[in-house]
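What's in target-v3.csv: CSV, C-alpha atoms
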chain,number,residue,atom,x,y,z
A,24,MET,CA,123.3,96.9,66.9
A,25,LYS,CA,127.0,97.2,67.9
A,26,VAL,CA,129.6,96.8,65.1
A,27,LEU,CA,133.3,96.2,65.5
A,28,LEU,CA,135.6,97.3,62.6
A,29,VAL,CA,138.9,95.4,62.3
A,30,ASP,CA,141.6,96.4,59.8
A,31,ASP,CA,145.3,97.2,60.2
A,32,GLU,CA,144.9,100.2,57.8
A,33,ILE,CA,143.5,103.0,60.0
A,34,PHE,CA,142.3,105.0,57.0
A,35,ALA,CA,140.3,102.0,55.8
A,36,VAL,CA,138.6,101.9,59.1
A,37,ARG,CA,137.9,105.6,59.1
A,38,GLY,CA,136.6,105.5,55.6
A,39,LEU,CA,134.2,102.7,56.2
A,40,ASN,CA,133.0,104.3,59.4
A,41,SER,CA,132.2,107.6,57.6
A,42,MET,CA,130.6,105.9,54.6
A,43,LEU,CA,128.1,103.7,56.5
A,44,HIS,CA,124.6,105.1,57.1
A,45,TRP,CA,124.5,103.8,60.7
A,46,GLU,CA,120.9,104.9,61.2
A,47,ALA,CA,119.7,102.7,58.3
A,48,PHE,CA,120.4,99.5,60.4
A,49,HIS,CA,120.1,101.0,63.9
A,50,GLY,CA,123.8,100.6,64.4
A,51,GLU,CA,126.6,102.2,66.3
A,52,LEU,CA,130.4,101.8,66.2
A,53,ALA,CA,131.3,99.5,69.1
A,54,GLY,CA,135.1,100.0,68.5
A,55,THR,CA,138.0,99.4,66.2
A,56,ALA,CA,140.9,96.9,66.2
A,57,ALA,CA,144.1,96.6,64.1
A,58,ASN,CA,144.2,92.8,64.0
A,59,GLY,CA,142.5,89.6,65.1
A,60,GLU,CA,144.2,89.6,68.5
A,61,GLU,CA,143.0,93.0,69.4
A,62,ALA,CA,139.5,92.0,68.2
A,63,MET,CA,139.5,89.0,70.5
A,64,GLU,CA,140.5,91.1,73.4
A,65,TYR,CA,137.6,93.4,72.6
A,66,MET,CA,135.3,90.4,72.4
A,67,ALA,CA,136.2,89.3,75.9
A,68,ALA,CA,135.2,92.6,77.3
A,69,THR,CA,132.2,93.7,75.3
A,70,PRO,CA,131.1,91.3,72.5
A,71,PRO,CA,129.6,93.2,69.5
A,72,ASP,CA,126.7,92.0,67.4
A,73,VAL,CA,128.6,92.2,64.1
A,74,ILE,CA,132.3,92.2,63.1
A,75,ILE,CA,133.5,93.6,59.8
A,76,SER,CA,137.1,92.5,59.3
A,77,ASP,CA,139.8,92.6,56.7
A,78,ILE,CA,141.4,89.2,55.9
A,79,LYS,CA,145.0,90.2,55.5
A,80,MET,CA,146.3,91.5,58.9
A,81,PRO,CA,149.5,91.0,61.0
A,82,ARG,CA,149.6,88.8,64.2
A,83,MET,CA,146.2,87.3,63.6
A,84,ASP,CA,144.4,87.4,60.2
A,85,GLY,CA,140.7,87.6,59.5
A,86,LEU,CA,140.4,83.9,58.7
A,87,LYS,CA,141.8,82.9,62.1
A,88,LEU,CA,139.6,85.5,63.7
A,89,ALA,CA,136.5,84.0,61.9
A,90,GLU,CA,137.5,80.5,63.2
A,91,LEU,CA,137.7,81.7,66.8
A,92,ILE,CA,134.5,83.7,66.6
A,93,HIS,CA,132.7,80.7,65.2
A,94,ALA,CA,133.9,78.5,68.0
A,95,GLN,CA,133.5,81.0,70.9
A,96,SER,CA,130.7,83.3,70.0
A,97,PRO,CA,128.5,81.8,67.2
A,98,ALA,CA,125.8,84.4,67.7
A,99,THR,CA,128.2,87.2,66.5
A,100,ARG,CA,127.8,87.8,62.7
A,101,MET,CA,130.9,88.4,60.6
A,102,ILE,CA,131.6,90.1,57.3
A,103,LEU,CA,135.1,89.7,55.7
A,104,LEU,CA,136.8,92.2,53.4
A,105,SER,CA,139.3,90.7,50.9
A,106,GLY,CA,141.6,91.8,48.1
A,107,HIS,CA,141.4,90.1,44.6
A,108,GLY,CA,144.4,88.0,45.4
A,109,GLU,CA,142.7,86.6,48.5
A,110,PHE,CA,139.5,85.4,46.8
A,111,GLU,CA,140.1,81.7,47.3
A,112,TYR,CA,141.5,82.4,50.7
A,113,ALA,CA,138.3,84.2,51.6
A,114,ARG,CA,136.1,81.3,50.4
A,115,GLN,CA,137.6,79.1,53.2
A,116,ALA,CA,135.9,81.4,55.7
A,117,LEU,CA,132.5,80.1,54.6
A,118,LYS,CA,133.0,77.0,56.7
A,119,TYR,CA,133.1,79.3,59.8
A,120,ASP,CA,129.6,80.7,58.9
A,121,VAL,CA,130.9,84.0,57.7
A,122,ALA,CA,127.9,85.9,56.4
A,123,ASP,CA,129.6,87.2,53.3
A,124,TYR,CA,132.9,88.5,52.0
A,125,ILE,CA,133.3,91.8,50.1
A,126,LEU,CA,136.0,92.4,47.5
A,127,LYS,CA,138.1,95.5,47.9
A,128,PRO,CA,138.4,98.2,47.0
A,129,ILE,CA,135.4,99.4,49.0
A,130,THR,CA,133.3,101.6,46.8
A,131,ARG,CA,130.0,103.2,47.5
A,132,GLU,CA,128.3,100.2,45.8
A,133,LYS,CA,130.2,97.9,48.1
A,134,VAL,CA,129.2,99.9,51.2
A,135,ASN,CA,125.6,99.6,50.1
A,136,GLN,CA,126.1,95.9,49.9
A,137,ILE,CA,127.4,95.9,53.5
A,138,GLU,CA,124.5,98.1,54.7
A,139,ASN,CA,122.0,95.7,53.2
A,140,LEU,CA,123.6,92.8,55.1
A,141,LEU,CA,123.5,94.9,58.3
A,142,ILE,CA,119.8,95.8,57.8
A,143,LYS,CA,119.2,92.0,57.3
A,144,PHE,CA,121.0,91.3,60.6
A,145,TYR,CA,119.0,93.9,62.4
A,146,GLU,CA,115.7,92.6,61.1
A,147,GLU,CA,116.7,89.0,62.1
A,148,ASN,CA,117.6,90.3,65.6
A,149,GLN,CA,114.2,92.0,65.9
A,150,GLU,CA,112.4,88.9,64.8
A,151,ARG,CA,114.3,86.9,67.5
A,152,LYS,CA,113.4,89.5,70.1
A,153,HIS,CA,109.7,89.4,68.9
A,154,ARG,CA,109.6,85.6,69.3
A,155,PHE,CA,111.2,85.8,72.7
A,156,LEU,CA,108.7,88.4,73.9
A,157,ASN,CA,105.9,86.3,72.6
A,158,ALA,CA,107.2,83.4,74.7
A,159,TRP,CA,107.8,85.5,77.8
A,160,ASN,CA,105.6,84.9,80.8
A,161,SER,CA,106.5,87.2,83.7
A,162,GLY,CA,105.2,84.7,86.3
A,163,LEU,CA,106.7,81.6,84.7
A,164,GLU,CA,110.0,81.6,86.5
A,165,GLU,CA,108.5,81.8,90.0
A,166,LYS,CA,106.0,79.1,89.1
A,167,ILE,CA,108.7,76.7,87.8
A,168,LEU,CA,111.0,77.3,90.7
A,169,THR,CA,108.2,76.7,93.1
A,170,ILE,CA,107.3,73.4,91.4
A,171,LEU,CA,111.0,72.3,91.6
A,172,HIS,CA,111.5,73.3,95.2
A,173,ASN,CA,108.3,71.5,96.2
A,174,GLN,CA,109.2,68.6,94.0
A,175,ASP,CA,105.6,68.7,92.8
A,176,MET,CA,105.3,66.2,90.1
A,177,GLU,CA,101.5,66.8,89.7
A,178,ALA,CA,102.0,70.5,89.1
A,179,LEU,CA,104.8,69.8,86.6
A,180,ASP,CA,102.4,67.4,84.7
A,181,GLN,CA,99.8,70.1,84.6
A,182,PHE,CA,102.3,72.7,83.2
A,183,PHE,CA,103.5,70.4,80.4
A,184,ARG,CA,99.9,69.6,79.5
A,185,SER,CA,98.8,73.3,79.6
A,186,SER,CA,97.7,75.1,76.4
A,187,TYR,CA,100.4,77.7,77.0
A,188,PHE,CA,103.3,75.2,76.9
A,189,VAL,CA,101.8,73.1,74.1
A,190,SER,CA,100.8,76.0,71.8
A,191,THR,CA,104.1,78.0,72.4
A,192,MET,CA,106.3,75.0,71.7
A,193,HIS,CA,104.4,74.4,68.4
A,194,SER,CA,104.9,78.0,67.3
A,195,SER,CA,107.9,80.2,66.2
A,196,SER,CA,108.4,81.0,69.9
A,197,ALA,CA,109.5,77.4,70.8
A,198,ASN,CA,113.2,78.1,71.0
A,199,PRO,CA,112.8,81.1,73.3
A,200,LEU,CA,110.5,79.2,75.7
A,201,GLY,CA,112.8,76.2,75.6
A,202,ILE,CA,115.8,78.3,76.5
A,203,GLN,CA,113.9,80.0,79.3
A,204,LEU,CA,112.9,76.6,80.8
A,205,ILE,CA,116.5,75.3,80.6
A,206,ASN,CA,117.7,78.5,82.3
A,207,TYR,CA,115.1,78.1,85.1
A,208,LEU,CA,116.2,74.5,85.7
A,209,TYR,CA,119.8,75.7,86.2
A,210,ALA,CA,118.6,78.6,88.3
A,211,TYR,CA,117.1,76.0,90.6
A,212,PHE,CA,120.4,74.1,90.7
A,213,SER,CA,122.1,77.3,91.7
A,214,GLN,CA,119.7,77.9,94.5
A,215,ILE,CA,120.3,74.4,96.0
A,216,ASP,CA,124.1,75.1,95.9
A,217,VAL,CA,125.1,72.8,93.1
A,218,ASN,CA,128.8,73.6,92.1
A,219,ARG,CA,128.9,76.6,89.8
A,220,THR,CA,131.4,75.0,87.3
A,221,VAL,CA,129.1,72.0,87.0
A,222,ILE,CA,126.1,74.2,86.4
A,223,THR,CA,128.0,76.2,83.7
A,224,VAL,CA,129.3,73.2,81.8
A,225,SER,CA,126.0,71.2,82.1
A,226,ARG,CA,123.8,74.2,81.0
A,227,GLU,CA,126.0,74.7,77.9
A,228,ARG,CA,125.6,71.1,77.0
A,229,ALA,CA,121.9,71.2,77.6
A,230,MET,CA,121.5,74.3,75.4
A,231,GLU,CA,123.4,72.6,72.6
A,232,GLN,CA,121.3,69.4,72.8
A,233,PHE,CA,118.1,71.5,72.8
A,234,TRP,CA,119.2,73.5,69.7
A,235,ASP,CA,120.4,70.4,67.9
A,236,SER,CA,117.1,68.6,68.4
A,237,PRO,CA,115.8,68.1,64.9
A,238,GLY,CA,112.1,68.9,65.3
A,239,THR,CA,109.4,70.3,67.5
A,240,GLN,CA,108.5,67.1,69.2
A,241,GLU,CA,112.1,66.3,69.9
A,242,LYS,CA,112.6,69.7,71.5
A,243,ILE,CA,109.5,69.2,73.7
A,244,ASN,CA,110.7,65.7,74.7
A,245,PHE,CA,114.1,67.1,75.6
A,246,ILE,CA,112.6,69.8,78.0
A,247,ILE,CA,110.1,67.4,79.6
A,248,THR,CA,112.7,64.6,80.1
A,249,SER,CA,115.2,67.1,81.6
A,250,TYR,CA,112.6,68.2,84.2
A,251,TYR,CA,111.3,64.8,85.0
A,252,ASP,CA,114.9,63.4,85.4
A,253,VAL,CA,115.6,66.1,87.9
A,254,LEU,CA,112.4,65.7,89.9
A,255,THR,CA,112.6,61.9,89.9
A,256,GLY,CA,116.2,62.1,91.1
A,257,MET,CA,115.3,64.5,93.8
A,258,ASN,CA,112.3,62.5,94.9
A,259,GLN,CA,114.4,59.3,95.1
A,260,LYS,CA,117.0,61.1,97.2
A,261,LYS,CA,114.3,62.6,99.4
A,262,GLN,CA,112.7,59.1,99.8
A,263,ALA,CA,116.1,57.5,100.7
A,264,TYR,CA,116.8,60.3,103.2
A,265,SER,CA,113.3,59.9,104.7
A,266,GLU,CA,113.7,56.2,105.1
A,267,SER,CA,117.0,56.5,106.8
A,268,PHE,CA,115.7,59.3,109.0
A,269,ILE,CA,112.8,57.3,110.3
A,270,THR,CA,114.8,54.2,110.7
A,271,TYR,CA,117.2,56.1,112.9
A,272,ALA,CA,114.4,57.6,115.0
A,273,LYS,CA,112.8,54.1,115.5
A,274,GLU,CA,116.1,52.6,116.5
A,275,TYR,CA,116.8,55.4,118.9
A,276,ILE,CA,113.4,55.0,120.5
A,277,GLY,CA,113.8,51.2,120.7
A,278,GLU,CA,117.1,51.7,122.7
A,279,HIS,CA,115.9,54.5,125.0
A,280,TYR,CA,112.1,54.3,125.5
A,281,SER,CA,112.5,52.6,128.9
A,282,ASP,CA,114.6,55.4,130.2
A,283,PRO,CA,112.5,57.7,132.4
A,284,GLU,CA,114.7,60.6,131.2
A,285,PHE,CA,113.9,59.9,127.6
A,286,ASN,CA,111.4,62.0,125.7
A,287,ILE,CA,110.8,63.1,122.1
A,288,SER,CA,112.7,66.4,122.7
A,289,VAL,CA,115.8,64.4,123.5
A,290,LEU,CA,115.2,62.4,120.3
A,291,ALA,CA,115.0,65.6,118.2
A,292,ASP,CA,118.2,66.9,119.8
A,293,SER,CA,120.0,63.7,119.0
A,294,MET,CA,118.9,64.0,115.4
A,295,HIS,CA,119.8,67.8,115.2
A,296,VAL,CA,116.3,68.7,114.0
A,297,SER,CA,113.4,70.7,115.5
A,298,LEU,CA,110.7,68.8,117.4
A,299,SER,CA,108.0,70.0,115.0
A,300,TYR,CA,110.0,68.8,111.9
A,301,LEU,CA,110.7,65.4,113.5
A,302,SER,CA,107.0,65.0,114.5
A,303,SER,CA,105.7,65.9,111.0
A,304,GLN,CA,108.2,63.7,109.2
A,305,PHE,CA,107.4,60.8,111.5
A,306,LYS,CA,103.7,61.2,111.1
A,307,GLN,CA,104.0,61.5,107.3
A,308,ALA,CA,106.2,58.3,107.1
A,309,THR,CA,104.5,56.1,109.5
A,310,GLY,CA,101.0,57.4,109.9
A,311,SER,CA,101.5,57.4,113.7
A,312,ASN,CA,101.9,60.3,116.1
A,313,LEU,CA,105.4,60.3,117.6
A,314,ILE,CA,104.3,60.5,121.2
A,315,SER,CA,101.7,57.8,120.6
A,316,TYR,CA,104.4,55.6,119.1
A,317,VAL,CA,106.6,55.9,122.2
A,318,THR,CA,103.7,55.4,124.5
A,319,ALA,CA,102.6,52.2,122.6
A,320,MET,CA,106.1,50.8,123.0
A,321,ARG,CA,106.2,51.5,126.7
A,322,MET,CA,102.7,50.1,127.3
A,323,ASP,CA,103.6,46.9,125.4
A,324,TYR,CA,106.8,46.5,127.5
A,325,ALA,CA,104.8,47.1,130.7
A,326,ARG,CA,102.3,44.4,129.8
A,327,ARG,CA,105.1,41.9,129.3
A,328,LEU,CA,106.6,42.9,132.6
A,329,LEU,CA,103.3,42.5,134.4
A,330,ALA,CA,103.3,38.9,133.6
A,331,ASP,CA,106.4,38.5,135.9
A,332,ARG,CA,105.3,38.8,139.5
A,333,ARG,CA,108.9,39.4,140.6
A,334,TYR,CA,108.4,43.0,139.8
A,335,SER,CA,106.2,45.4,141.8
A,336,ILE,CA,103.9,47.9,139.9
A,337,GLY,CA,106.3,50.7,141.0
A,338,GLU,CA,109.3,48.9,139.6
A,339,ILE,CA,107.4,48.1,136.3
A,340,SER,CA,106.5,51.8,136.1
A,341,ALA,CA,110.1,52.9,136.3
A,342,MET,CA,111.3,50.1,134.0
A,343,SER,CA,108.7,51.2,131.4
A,344,GLY,CA,110.0,54.8,131.4
A,345,TYR,CA,107.7,56.4,134.0
A,346,GLU,CA,109.0,57.8,137.2
A,347,ASP,CA,105.5,58.6,138.6
A,348,ALA,CA,103.8,55.3,139.3
A,349,ARG,CA,100.4,57.0,139.8
A,350,TYR,CA,100.7,58.6,136.3
A,351,PHE,CA,101.7,55.2,134.9
A,352,ALA,CA,98.7,53.5,136.4
A,353,LYS,CA,96.3,56.1,135.1
A,354,LEU,CA,97.8,56.0,131.6
A,355,PHE,CA,97.9,52.2,131.6
A,356,LYS,CA,94.2,52.1,132.4
A,357,LYS,CA,93.4,54.7,129.7
A,358,LYS,CA,95.3,52.6,127.0
A,359,THR,CA,94.2,49.1,128.1
A,360,GLY,CA,91.0,49.5,130.0
A,361,PHE,CA,92.5,47.9,133.1
A,362,THR,CA,94.7,49.1,136.0
A,363,PRO,CA,98.1,47.4,136.1
A,364,SER,CA,97.0,45.2,139.0
A,365,GLU,CA,93.8,44.1,137.2
A,366,TYR,CA,95.8,43.3,134.1
A,367,ARG,CA,98.3,41.3,136.1
A,368,ASN,CA,95.5,39.3,137.7
A,369,LEU,CA,93.9,38.6,134.4
A,370,LYS,CA,97.1,37.4,132.8
A,371,THR,CA,98.7,35.4,135.6

Once more with this new file: its structure as structure tokens, please.
Amino acid sequence: MKVLLVDDEIFAVRGLNSMLHWEAFHGELAGTAANGEEAMEYMAATPPDVIISDIKMPRMDGLKLAELIHAQSPATRMILLSGHGEFEYARQALKYDVADYILKPITREKVNQIENLLIKFYEENQERKHRFLNAWNSGLEEKILTILHNQDMEALDQFFRSSYFVSTMHSSSANPLGIQLINYLYAYFSQIDVNRTVITVSRERAMEQFWDSPGTQEKINFIITSYYDVLTGMNQKKQAYSESFITYAKEYIGEHYSDPEFNISVLADSMHVSLSYLSSQFKQATGSNLISYVTAMRMDYARRLLADRRYSIGEISAMSGYEDARYFAKLFKKKTGFTPSEYRNLKT
């Protein structure tokens, strides 16, 4: 447990450092600072677990330091040292969640008091670590990210109904699991190239909302709602994209199917996608094979042309998108049961 000592009197810092039994609270000296400004510079580089600070210091006093630590690093614990004339002043620091304030001069008894606080902090840290490890599941991150990337609502339902999720969220490990799940959600956003600033701000807000949820069920509801909102939004975007994708394909086919040079590879190139992707998406959206769809449009057009005797079979073949009249005739018979001539005679 790293401890930062802050006091403008160098001998006070050295004295406290030498009097503390560091091994009692598994601690080590993270560094020293002569005032609040130096302490904040240290915080920016290597945040300690605990700050022990004098109140009365030049440039930035201990009360202002406590205010900044409370706002910027609430997990960092703080103990203030104050003289007798600063007693009421020190009491103001309680609104910044200062753990305690110790009156000077620092005697052996006062050092024991500080050590007891540090032992308490260490035990609380160990308890948090224990809860986190109990909630930890080494395969969970991969599982969650797979669900999100596949937009698999059914798999997400199964996870939130699982005994692991339900029992953990109703135990002392609820907060660690909840924080993990929020982090996985934002890891997914990072992987799909959401703006980094947006991720940072949104994640902080989500963490605050989760911590501020008043009870177990509210925390569970927050996690589940966050995931469903993301998956529902992604599915809606995916559906809208799929609809416009298929609409474009059908419109392009409708405009070009009668061109003998048109084929589905040309269509895929025009849409800047692979032929396999286009075929699978079209099949999934319409239930129809892409080649069969084009062929059906050409055959339907050919049947309408055959009703007009102004056109020869060869001309109708070319007008329907087939340069080879013999191939057209063979395909027409396969699809309709009649040769083009037989079909013409039946319909006219």

Could you pull out every residue with an atom within 9 Å of (112.7, 73.2, 93.4), file coordinates, counting all atoms listed in the file, and send them as a list in words?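 Protein, DNA and RNA residues close to (112.7, 73.2, 93.4): Ile167, Leu168, Thr169, Ile170, Leu171, His172, Asn173, Gln174, Asp175, Leu208, Tyr211, Phe212, Gln214, Ile215 and Leu254 of chain A.
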
Selected residue, from A:Ser76, A:Ser41, A:Ser96, A:Ser196, that lies nearest to A:Ala56 when counting only C-alpha atoms: A:Ser76

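For the residues A:Ala308, A:Leu163, A:Ile78, A:Ile222, ranking by smallest atom-to-atom distance to A:Leu126 using all atoms listed in the file places A:Ile78 first.
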
Give me, please, the distance in Å between atom CA of A:Pro71 and atom CA of A:Leu204, quoted to one decimal. 26.1 Å

The residue from A:Ala94, A:Met80, A:Met192, A:Ala35 with the smallest atom-to-atom distance to A:Thr130, counting only C-alpha atoms, is A:Ala35

Would you mind reading off the distance between atom CA of A:Gln149 and atom CA of A:Ser195, one decimal, in Å? 13.4 Å

Do you have the atom CA of A:Thr362-atom CA of A:Gly310 distance handy? 28.1 Å

So, with only C-alpha atoms as the atoms that count, which of A:Ala197, A:Met63, A:Met322, A:Leu104 lies closest to A:Gly238? A:Ala197

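Of the residues listed (A:Arg333, A:Arg321, A:His44, A:Arg184), A:His44 shows the shortest atom-to-atom separation from A:Ile137; distances use all atoms listed in the file.
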
Quick one: residues within 10 Å of stretch 290-294 of chain A, only C-alpha atoms, excluding same-chain residues fewer than 4 positions away - as a PyMOL selection string? chain A and resi 268+271-273+275-276+279+285-286+298-302

Is there a way to get, as a PyMOL selection string, all residues within 7 Å of the point (119.5, 96.5, 60.5) in file coordinates, counting all atoms listed in the file? chain A and resi 47-49+141-146

May I have the residues within 10 Å of A:Gly201 as a list in words, using only C-alpha atoms and disregarding those fewer than 3 positions away in the same chain?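 Result of the neighbour search: Ala158, Phe188, Thr191, Met192, Ser196, Ala197, Asn198, Leu204, Ile205, Asn206, Tyr207, Met230, Phe233, Trp234, Lys242, Ile243, Phe245 and Ile246 of chain A.
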
So that I can see what lies close to A:Arg82, please list as a PyMOL selection string the residues with an atom at most 9 Å from it, counting all atoms listed in the file and leaving out residues fewer than 3 positions away in the same chain. chain A and resi 58-60

Tell me which protein, DNA and RNA residues are within 12 Å of A:Ser303, counting all atoms listed in the file, leaving out same-chain ones fewer than 6 positions away, and put them as a VMD selection string. chain A and resid 265 269 291 296 to 297 309 to 314

So which residues touch A:Ala98 within 10 Å, counting all atoms listed in the file, skipping near sequence neighbours fewer than 5 positions away, as a list in words? Pro70, Pro71, Asp72, Val73, Ile92 and His93 of chain A

Place N, CA and C atoms on stretch 306-328 of chain A and deliver the coordinates as an mmCIF file, keeping the file's coordinate frame.
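Printed below is selection-v2.cif as written:
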data_model
loop_
_atom_site.group_PDB
_atom_site.id
_atom_site.type_symbol
_atom_site.label_atom_id
_atom_site.label_comp_id
_atom_site.auth_asym_id
_atom_site.auth_seq_id
_atom_site.Cartn_x
_atom_site.Cartn_y
_atom_site.Cartn_z
ATOM 1 N N LYS A 306 105.110 61.400 111.376
ATOM 2 C CA LYS A 306 103.700 61.200 111.100
ATOM 3 C C LYS A 306 103.474 60.882 109.617
ATOM 4 N N GLN A 307 104.165 61.634 108.761
ATOM 5 C CA GLN A 307 104.000 61.500 107.300
ATOM 6 C C GLN A 307 104.510 60.078 106.873
ATOM 7 N N ALA A 308 105.604 59.620 107.473
ATOM 8 C CA ALA A 308 106.200 58.300 107.100
ATOM 9 C C ALA A 308 105.493 57.131 107.633
ATOM 10 N N THR A 309 105.015 57.238 108.866
ATOM 11 C CA THR A 309 104.500 56.100 109.500
ATOM 12 C C THR A 309 102.956 56.101 109.748
ATOM 13 N N GLY A 310 102.384 57.300 109.643
ATOM 14 C CA GLY A 310 101.000 57.400 109.900
ATOM 15 C C GLY A 310 100.650 57.497 111.388
ATOM 16 N N SER A 311 101.668 57.459 112.211
ATOM 17 C CA SER A 311 101.500 57.400 113.700
ATOM 18 C C SER A 311 102.055 58.701 114.294
ATOM 19 N N ASN A 312 101.348 59.183 115.320
ATOM 20 C CA ASN A 312 101.900 60.300 116.100
ATOM 21 C C ASN A 312 103.094 59.832 116.886
ATOM 22 N N LEU A 313 104.128 60.679 116.960
ATOM 23 C CA LEU A 313 105.400 60.300 117.600
ATOM 24 C C LEU A 313 105.211 59.933 119.065
ATOM 25 N N ILE A 314 104.484 60.754 119.811
ATOM 26 C CA ILE A 314 104.300 60.500 121.200
ATOM 27 C C ILE A 314 103.473 59.183 121.401
ATOM 28 N N SER A 315 102.478 58.991 120.531
ATOM 29 C CA SER A 315 101.700 57.800 120.600
ATOM 30 C C SER A 315 102.546 56.530 120.335
ATOM 31 N N TYR A 316 103.496 56.668 119.418
ATOM 32 C CA TYR A 316 104.400 55.600 119.100
ATOM 33 C C TYR A 316 105.250 55.176 120.302
ATOM 34 N N VAL A 317 105.810 56.192 120.985
ATOM 35 C CA VAL A 317 106.600 55.900 122.200
ATOM 36 C C VAL A 317 105.779 55.327 123.289
ATOM 37 N N THR A 318 104.586 55.904 123.468
ATOM 38 C CA THR A 318 103.700 55.400 124.500
ATOM 39 C C THR A 318 103.299 53.946 124.242
ATOM 40 N N ALA A 319 103.031 53.610 122.990
ATOM 41 C CA ALA A 319 102.600 52.200 122.600
ATOM 42 C C ALA A 319 103.771 51.267 122.949
ATOM 43 N N MET A 320 105.002 51.667 122.676
ATOM 44 C CA MET A 320 106.100 50.800 123.000
ATOM 45 C C MET A 320 106.268 50.594 124.491
ATOM 46 N N ARG A 321 106.067 51.650 125.260
ATOM 47 C CA ARG A 321 106.200 51.500 126.700
ATOM 48 C C ARG A 321 105.057 50.702 127.298
ATOM 49 N N MET A 322 103.847 50.865 126.777
ATOM 50 C CA MET A 322 102.700 50.100 127.300
ATOM 51 C C MET A 322 102.905 48.592 126.945
ATOM 52 N N ASP A 323 103.383 48.318 125.763
ATOM 53 C CA ASP A 323 103.600 46.900 125.400
ATOM 54 C C ASP A 323 104.665 46.281 126.276
ATOM 55 N N TYR A 324 105.714 47.041 126.583
ATOM 56 C CA TYR A 324 106.800 46.500 127.500
ATOM 57 C C TYR A 324 106.220 46.313 128.886
ATOM 58 N N ALA A 325 105.380 47.253 129.344
ATOM 59 C CA ALA A 325 104.800 47.100 130.700
ATOM 60 C C ALA A 325 103.908 45.895 130.769
ATOM 61 N N ARG A 326 103.129 45.600 129.738
ATOM 62 C CA ARG A 326 102.300 44.400 129.800
ATOM 63 C C ARG A 326 103.100 43.141 129.877
ATOM 64 N N ARG A 327 104.232 43.121 129.182
ATOM 65 C CA ARG A 327 105.100 41.900 129.300
ATOM 66 C C ARG A 327 105.708 41.812 130.675
ATOM 67 N N LEU A 328 106.064 42.936 131.281
ATOM 68 C CA LEU A 328 106.600 42.900 132.600
ATOM 69 C C LEU A 328 105.621 42.494 133.682
#
